[in-house]
$ cat model-v6.txt   # compact mmCIF, C-alpha atoms
# COMPACT_ATOMS: atom_id res chain seq x y z
CA MET A 1 -122.67 -57.96 -53.14
CA SER A 2 -121.00 -58.54 -49.80
CA LEU A 3 -123.35 -60.48 -47.52
CA LYS A 4 -122.38 -61.48 -43.96
CA ILE A 5 -124.11 -62.96 -40.97
CA ARG A 6 -122.52 -61.57 -37.83
CA SER A 7 -122.99 -62.55 -34.21
CA ARG A 8 -122.13 -61.73 -30.66
CA ILE A 9 -122.20 -64.33 -27.92
CA TRP A 10 -122.06 -64.04 -24.16
CA ILE A 11 -122.24 -66.45 -21.25
CA GLU A 12 -124.75 -65.91 -18.47
CA LEU A 13 -124.73 -67.36 -14.96
CA GLU A 14 -127.98 -67.03 -13.02
CA ASP A 15 -129.22 -64.55 -15.65
CA GLN A 16 -126.23 -62.24 -15.15
CA VAL A 17 -123.56 -61.71 -17.81
CA PHE A 18 -120.56 -63.77 -16.76
CA LEU A 19 -118.36 -63.51 -19.85
CA GLY A 20 -118.76 -61.53 -23.05
CA GLU A 21 -116.60 -59.91 -25.67
CA GLY A 22 -115.63 -56.93 -23.47
CA ARG A 23 -114.51 -59.05 -20.52
CA VAL A 24 -112.63 -61.45 -22.76
CA GLN A 25 -110.85 -58.51 -24.38
CA VAL A 26 -109.65 -57.27 -20.96
CA LEU A 27 -108.52 -60.77 -19.94
CA LYS A 28 -106.59 -61.15 -23.19
CA ALA A 29 -104.93 -57.77 -22.71
CA ILE A 30 -103.91 -58.74 -19.14
CA ASP A 31 -102.45 -61.98 -20.50
CA GLU A 32 -100.45 -60.02 -23.02
CA MET A 33 -99.33 -57.09 -20.85
CA GLY A 34 -98.96 -58.79 -17.45
CA SER A 35 -100.65 -55.85 -15.75
CA LEU A 36 -104.19 -54.60 -15.31
CA SER A 37 -103.28 -50.92 -15.70
CA LYS A 38 -101.31 -51.59 -18.90
CA ALA A 39 -104.18 -53.76 -20.16
CA ALA A 40 -106.70 -50.98 -19.50
CA LYS A 41 -104.47 -48.41 -21.21
CA SER A 42 -104.00 -50.61 -24.28
CA LEU A 43 -107.80 -50.78 -24.63
CA ASN A 44 -108.35 -47.05 -24.01
CA MET A 45 -110.38 -48.05 -20.99
CA SER A 46 -110.27 -46.56 -17.49
CA TYR A 47 -108.48 -48.66 -14.87
CA LYS A 48 -111.69 -48.64 -12.85
CA LYS A 49 -113.79 -50.04 -15.68
CA ALA A 50 -111.24 -52.74 -16.50
CA TRP A 51 -111.04 -53.64 -12.81
CA ARG A 52 -114.83 -53.86 -12.51
CA LEU A 53 -115.09 -56.15 -15.56
CA VAL A 54 -112.40 -58.51 -14.31
CA ASP A 55 -113.74 -58.41 -10.75
CA SER A 56 -117.22 -59.43 -11.90
CA VAL A 57 -115.79 -62.44 -13.79
CA ASN A 58 -113.70 -63.39 -10.77
CA ALA A 59 -116.67 -63.06 -8.43
CA SER A 60 -118.83 -65.57 -10.34
CA ALA A 61 -116.17 -67.94 -11.67
CA LYS A 62 -115.66 -71.33 -10.05
CA ARG A 63 -111.99 -70.47 -9.59
CA PRO A 64 -110.08 -67.18 -9.82
CA VAL A 65 -109.30 -66.06 -13.38
CA ILE A 66 -106.43 -63.71 -12.43
CA ILE A 67 -103.71 -63.57 -9.79
CA SER A 68 -101.92 -60.41 -8.76
CA SER A 69 -98.50 -60.16 -7.23
CA ILE A 70 -97.26 -57.12 -5.32
CA GLY A 71 -93.72 -55.78 -5.18
CA GLY A 72 -90.58 -57.51 -6.43
CA LYS A 73 -88.09 -56.19 -8.96
CA GLU A 74 -90.74 -55.69 -11.63
CA GLY A 75 -93.16 -53.99 -9.21
CA GLY A 76 -95.72 -56.80 -9.25
CA GLY A 77 -98.36 -57.43 -11.85
CA THR A 78 -101.46 -59.33 -12.81
CA GLN A 79 -101.62 -62.62 -14.67
CA LEU A 80 -104.29 -64.98 -15.91
CA THR A 81 -104.56 -68.23 -14.01
CA PRO A 82 -104.57 -71.46 -16.06
CA TYR A 83 -108.35 -71.50 -15.47
CA GLY A 84 -108.60 -67.93 -16.79
CA LYS A 85 -106.63 -68.90 -19.90
CA SER A 86 -108.84 -71.95 -20.52
CA LEU A 87 -111.94 -69.81 -20.19
CA VAL A 88 -110.69 -67.26 -22.75
CA HIS A 89 -109.60 -70.03 -25.08
CA LEU A 90 -112.96 -71.81 -24.86
CA PHE A 91 -114.88 -68.57 -25.42
CA ASP A 92 -112.90 -67.97 -28.63
CA GLU A 93 -113.46 -71.55 -29.74
CA ILE A 94 -117.24 -71.38 -29.23
CA ASN A 95 -117.36 -67.98 -30.92
CA GLN A 96 -115.50 -69.35 -33.93
CA GLY A 97 -117.83 -72.36 -34.07
CA CYS A 98 -120.77 -69.98 -34.14
CA TRP A 99 -119.26 -67.96 -37.00
CA ASP A 100 -118.52 -71.17 -38.92
CA TYR A 101 -122.13 -72.29 -38.53
CA LEU A 102 -123.41 -68.89 -39.68
CA ASP A 103 -121.16 -68.99 -42.75
CA THR A 104 -122.85 -72.24 -43.80
CA GLN A 105 -126.19 -70.41 -43.75
CA LEU A 106 -125.25 -67.58 -46.12
CA ASP A 107 -126.36 -69.52 -49.21
CA LYS A 108 -129.89 -69.75 -47.90
CA ILE A 109 -130.18 -65.98 -47.78
CA GLU A 110 -128.67 -65.57 -51.24
CA GLN A 111 -131.08 -68.13 -52.66
CA LEU A 112 -134.24 -66.45 -51.34
CA MET B 1 -126.25 -73.18 -11.26
CA SER B 2 -128.00 -71.81 -14.32
CA LEU B 3 -125.50 -71.47 -17.17
CA LYS B 4 -126.50 -70.18 -20.61
CA ILE B 5 -124.73 -69.13 -23.77
CA ARG B 6 -126.72 -66.41 -25.44
CA SER B 7 -126.32 -64.78 -28.83
CA ARG B 8 -127.52 -62.09 -31.11
CA ILE B 9 -127.16 -62.33 -34.88
CA TRP B 10 -127.58 -59.80 -37.64
CA ILE B 11 -127.16 -59.78 -41.40
CA GLU B 12 -124.96 -57.19 -43.08
CA LEU B 13 -124.95 -56.11 -46.70
CA GLU B 14 -121.91 -54.11 -47.81
CA ASP B 15 -120.96 -53.63 -44.13
CA GLN B 16 -124.35 -52.07 -43.27
CA VAL B 17 -126.90 -53.78 -41.03
CA PHE B 18 -129.55 -55.23 -43.33
CA LEU B 19 -131.57 -57.33 -40.90
CA GLY B 20 -131.32 -57.74 -37.14
CA GLU B 21 -133.56 -58.53 -34.22
CA GLY B 22 -135.17 -55.06 -34.11
CA ARG B 23 -136.06 -55.01 -37.81
CA VAL B 24 -137.37 -58.57 -37.68
CA GLN B 25 -139.54 -57.64 -34.71
CA VAL B 26 -141.11 -54.77 -36.66
CA LEU B 27 -141.69 -56.98 -39.71
CA LYS B 28 -143.34 -59.64 -37.54
CA ALA B 29 -145.58 -57.06 -35.91
CA ILE B 30 -146.63 -55.74 -39.34
CA ASP B 31 -147.42 -59.29 -40.40
CA GLU B 32 -149.59 -59.72 -37.32
CA MET B 33 -151.33 -56.34 -37.27
CA GLY B 34 -151.58 -55.55 -41.00
CA SER B 35 -150.54 -51.97 -40.38
CA LEU B 36 -147.29 -50.14 -39.72
CA SER B 37 -148.80 -47.75 -37.18
CA LYS B 38 -150.42 -50.58 -35.22
CA ALA B 39 -147.16 -52.53 -35.42
CA ALA B 40 -145.19 -49.57 -34.05
CA LYS B 41 -147.72 -49.06 -31.25
CA SER B 42 -147.61 -52.73 -30.26
CA LEU B 43 -143.83 -52.44 -29.86
CA ASN B 44 -143.97 -49.11 -27.99
CA MET B 45 -142.00 -47.63 -30.85
CA SER B 46 -142.56 -44.34 -32.64
CA TYR B 47 -144.11 -44.61 -36.10
CA LYS B 48 -141.09 -42.77 -37.45
CA LYS B 49 -138.61 -45.24 -35.99
CA ALA B 50 -140.61 -48.25 -37.22
CA TRP B 51 -140.87 -46.67 -40.65
CA ARG B 52 -137.12 -46.00 -40.78
CA LEU B 53 -136.30 -49.60 -39.84
CA VAL B 54 -138.60 -51.07 -42.46
CA ASP B 55 -137.52 -48.55 -45.07
CA SER B 56 -133.87 -49.45 -44.59
CA VAL B 57 -134.64 -53.15 -45.09
CA ASN B 58 -136.71 -52.35 -48.16
CA ALA B 59 -133.98 -50.12 -49.58
CA SER B 60 -131.33 -52.87 -49.54
CA ALA B 61 -133.44 -55.96 -50.15
CA LYS B 62 -133.47 -57.63 -53.57
CA ARG B 63 -137.24 -57.30 -53.62
CA PRO B 64 -139.69 -55.27 -51.51
CA VAL B 65 -140.42 -56.76 -48.08
CA ILE B 66 -143.69 -54.88 -47.53
CA ILE B 67 -146.56 -53.60 -49.66
CA SER B 68 -148.93 -50.86 -48.59
CA SER B 69 -152.43 -50.32 -49.84
CA ILE B 70 -154.26 -47.05 -49.50
CA GLY B 71 -157.99 -46.54 -48.99
CA GLY B 72 -160.71 -49.19 -49.33
CA LYS B 73 -163.22 -50.19 -46.69
CA GLU B 74 -160.54 -51.01 -44.14
CA GLY B 75 -158.62 -47.78 -44.80
CA GLY B 76 -155.59 -49.49 -46.34
CA GLY B 77 -152.74 -51.13 -44.54
CA THR B 78 -149.31 -52.65 -44.79
CA GLN B 79 -148.48 -56.27 -45.39
CA LEU B 80 -145.38 -58.39 -45.74
CA THR B 81 -144.68 -59.63 -49.24
CA PRO B 82 -143.98 -63.37 -49.66
CA TYR B 83 -140.28 -62.39 -49.91
CA GLY B 84 -140.58 -60.45 -46.63
CA LYS B 85 -142.16 -63.47 -44.95
CA SER B 86 -139.43 -65.80 -46.22
CA LEU B 87 -136.76 -63.43 -44.94
CA VAL B 88 -138.28 -63.30 -41.44
CA HIS B 89 -138.73 -67.06 -41.42
CA LEU B 90 -135.15 -67.70 -42.51
CA PHE B 91 -133.78 -65.26 -39.93
CA ASP B 92 -135.63 -67.14 -37.17
CA GLU B 93 -134.40 -70.47 -38.51
CA ILE B 94 -130.75 -69.37 -38.57
CA ASN B 95 -131.11 -67.82 -35.12
CA GLN B 96 -132.53 -71.06 -33.75
CA GLY B 97 -129.72 -73.05 -35.39
CA CYS B 98 -127.21 -70.77 -33.67
CA TRP B 99 -128.88 -71.29 -30.27
CA ASP B 100 -128.94 -75.05 -30.84
CA TYR B 101 -125.22 -75.03 -31.62
CA LEU B 102 -124.47 -72.96 -28.52
CA ASP B 103 -126.48 -75.35 -26.33
CA THR B 104 -124.21 -78.18 -27.45
CA GLN B 105 -121.24 -76.19 -26.14
CA LEU B 106 -122.50 -75.68 -22.56
CA ASP B 107 -120.89 -78.89 -21.31
CA LYS B 108 -117.45 -77.65 -22.28
CA ILE B 109 -117.82 -74.65 -19.98
CA GLU B 110 -119.15 -76.75 -17.13
CA GLN B 111 -116.25 -79.17 -17.50
CA LEU B 112 -113.53 -76.54 -17.28
$ encode --input "model-v6.txt" --output "C-alpha cells"
Amino acid sequence: MSLKIRSRIWIELEDQVFLGEGRVQVLKAIDEMGSLSKAAKSLNMSYKKAWRLVDSVNASAKRPVIISSIGGKEGGGTQLTPYGKSLVHLFDEINQGCWDYLDTQLDKIEQL
Amino acid sequence: MSLKIRSRIWIELEDQVFLGEGRVQVLKAIDEMGSLSKAAKSLNMSYKKAWRLVDSVNASAKRPVIISSIGGKEGGGTQLTPYGKSLVHLFDEINQGCWDYLDTQLDKIEQL
C-alpha cells in the first residue's frame, strides 16, 4: 500500500498570495534560461501570464526579484537578482522541511 | 506587514487522493449533524457531491468511516465510526503540526 501525505505551501503578504509554487516555477525558469519569454515557453505558459506572475512578486517584494537588460550582443535578457535567488532557495527549503515533517507523520496514519 | 506561510495537505493512497480538506469537512459535518443530507446542506454542497466524497473515503479506507441507520423514531441517520473520528482527528493534528512548523520559518523570510 503506497501511502503519502502531500502538501502545497504559499506565502501571503497582507492576505494576498506573494509566492507560491507557480511563481517559484517561473522564477526558476528565468534563472535557468536568462529570459522571460524563454522561461514562459519552457513552462508552456503565455508570456503575458508569466509576466503577470513575476510582476506581482516584484510589486510586493522588499527588493526587486528580477532585473532586465535591453540590447547588447545577446539582445538583452532577464535575470534573478541575488534577493530573487535567495527567495526561491528559501521557498524550496521551507517546502522540503514541510515534506520532511509530513513524512514523520505517516506512521500515525498506518497505525490507526 | 502581515506575512503568513499557508499550506494545504492531503493524504494519497496509491496516488489517489484519500483524504483532504474537503472530505474532512464533510466528515466533520456528518459528525455534527448526524445525517449526510444535513451535512451537505450545512456546507452548501449537493447531496450527490457529499455522498461521492464520503464514498471515496469509505472505498479506500481500511475500515468504514461512516455507518448509516435506516428507520427508527428519528428516521435513521449517518454517523462517523470510531475509525472515522480518529482519522479526522489525526488529519487535524498533522495539519496543525504543519502550520506550527511553517510559523517557525517566518523569521527566515523576514530576515532575507
$ interface_residues --input "model-v6.txt" --of "chain B" --to "chain A" --cutoff "12 Å" --atoms "only C-alpha atoms" --output "PyMOL selection string"
chain B and resi 1-21+60-63+65+82-112
$ residues_around --input "model-v6.txt" --residues "Asn44 of chain B" --least-positions-apart "5" --cutoff "12 Å" --atoms "all atoms listed in the file" --output "VMD selection string"
chain B and resid 25 to 26 29 37 to 39 49 to 50
$ atom_distance --input "model-v6.txt" --atom1 "atom CA of Val54 of chain B" --atom2 "atom CA of Lys73 of chain B"
25.0 Å
$ atom_distance --input "model-v6.txt" --atom1 "atom CA of Ser42 of chain B" --atom2 "atom CA of Ser68 of chain B"
18.5 Å
$ build_atoms --input "model-v6.txt" --residues "segment 15-31 of chain A" --atoms "N, CA and C atoms" --output "PDB file, keeping the file's coordinate frame"
ATOM      1  N   ASP A  15    -128.668 -65.704 -14.938  1.00  0.00           N
ATOM      2  CA  ASP A  15    -129.220 -64.550 -15.650  1.00  0.00           C
ATOM      3  C   ASP A  15    -128.387 -63.267 -15.584  1.00  0.00           C
ATOM      4  N   GLN A  16    -127.141 -63.384 -15.137  1.00  0.00           N
ATOM      5  CA  GLN A  16    -126.230 -62.240 -15.150  1.00  0.00           C
ATOM      6  C   GLN A  16    -125.114 -62.531 -16.155  1.00  0.00           C
ATOM      7  N   VAL A  17    -124.670 -61.484 -16.882  1.00  0.00           N
ATOM      8  CA  VAL A  17    -123.560 -61.710 -17.810  1.00  0.00           C
ATOM      9  C   VAL A  17    -122.328 -62.154 -17.009  1.00  0.00           C
ATOM     10  N   PHE A  18    -121.762 -63.264 -17.412  1.00  0.00           N
ATOM     11  CA  PHE A  18    -120.560 -63.770 -16.760  1.00  0.00           C
ATOM     12  C   PHE A  18    -119.343 -63.451 -17.641  1.00  0.00           C
ATOM     13  N   LEU A  19    -119.481 -63.734 -18.926  1.00  0.00           N
ATOM     14  CA  LEU A  19    -118.360 -63.510 -19.850  1.00  0.00           C
ATOM     15  C   LEU A  19    -118.897 -63.091 -21.210  1.00  0.00           C
ATOM     16  N   GLY A  20    -118.381 -61.972 -21.715  1.00  0.00           N
ATOM     17  CA  GLY A  20    -118.760 -61.530 -23.050  1.00  0.00           C
ATOM     18  C   GLY A  20    -117.531 -60.969 -23.730  1.00  0.00           C
ATOM     19  N   GLU A  21    -117.736 -60.375 -24.895  1.00  0.00           N
ATOM     20  CA  GLU A  21    -116.600 -59.910 -25.670  1.00  0.00           C
ATOM     21  C   GLU A  21    -115.725 -58.908 -24.905  1.00  0.00           C
ATOM     22  N   GLY A  22    -116.362 -57.969 -24.193  1.00  0.00           N
ATOM     23  CA  GLY A  22    -115.630 -56.930 -23.470  1.00  0.00           C
ATOM     24  C   GLY A  22    -114.732 -57.522 -22.392  1.00  0.00           C
ATOM     25  N   ARG A  23    -115.299 -58.451 -21.605  1.00  0.00           N
ATOM     26  CA  ARG A  23    -114.510 -59.050 -20.520  1.00  0.00           C
ATOM     27  C   ARG A  23    -113.373 -59.894 -21.067  1.00  0.00           C
ATOM     28  N   VAL A  24    -113.668 -60.622 -22.150  1.00  0.00           N
ATOM     29  CA  VAL A  24    -112.630 -61.450 -22.760  1.00  0.00           C
ATOM     30  C   VAL A  24    -111.486 -60.585 -23.286  1.00  0.00           C
ATOM     31  N   GLN A  25    -111.859 -59.440 -23.852  1.00  0.00           N
ATOM     32  CA  GLN A  25    -110.850 -58.510 -24.380  1.00  0.00           C
ATOM     33  C   GLN A  25    -109.907 -58.040 -23.257  1.00  0.00           C
ATOM     34  N   VAL A  26    -110.479 -57.714 -22.094  1.00  0.00           N
ATOM     35  CA  VAL A  26    -109.650 -57.270 -20.960  1.00  0.00           C
ATOM     36  C   VAL A  26    -108.751 -58.416 -20.491  1.00  0.00           C
ATOM     37  N   LEU A  27    -109.324 -59.627 -20.386  1.00  0.00           N
ATOM     38  CA  LEU A  27    -108.520 -60.770 -19.940  1.00  0.00           C
ATOM     39  C   LEU A  27    -107.366 -61.039 -20.906  1.00  0.00           C
ATOM     40  N   LYS A  28    -107.654 -60.935 -22.200  1.00  0.00           N
ATOM     41  CA  LYS A  28    -106.590 -61.150 -23.190  1.00  0.00           C
ATOM     42  C   LYS A  28    -105.491 -60.096 -23.062  1.00  0.00           C
ATOM     43  N   ALA A  29    -105.909 -58.856 -22.828  1.00  0.00           N
ATOM     44  CA  ALA A  29    -104.930 -57.770 -22.710  1.00  0.00           C
ATOM     45  C   ALA A  29    -104.067 -57.979 -21.456  1.00  0.00           C
ATOM     46  N   ILE A  30    -104.677 -58.452 -20.363  1.00  0.00           N
ATOM     47  CA  ILE A  30    -103.910 -58.740 -19.140  1.00  0.00           C
ATOM     48  C   ILE A  30    -102.883 -59.833 -19.440  1.00  0.00           C
ATOM     49  N   ASP A  31    -103.325 -60.857 -20.163  1.00  0.00           N
ATOM     50  CA  ASP A  31    -102.450 -61.980 -20.500  1.00  0.00           C
ATOM     51  C   ASP A  31    -101.235 -61.492 -21.296  1.00  0.00           C
TER      52      ASP A  31
END
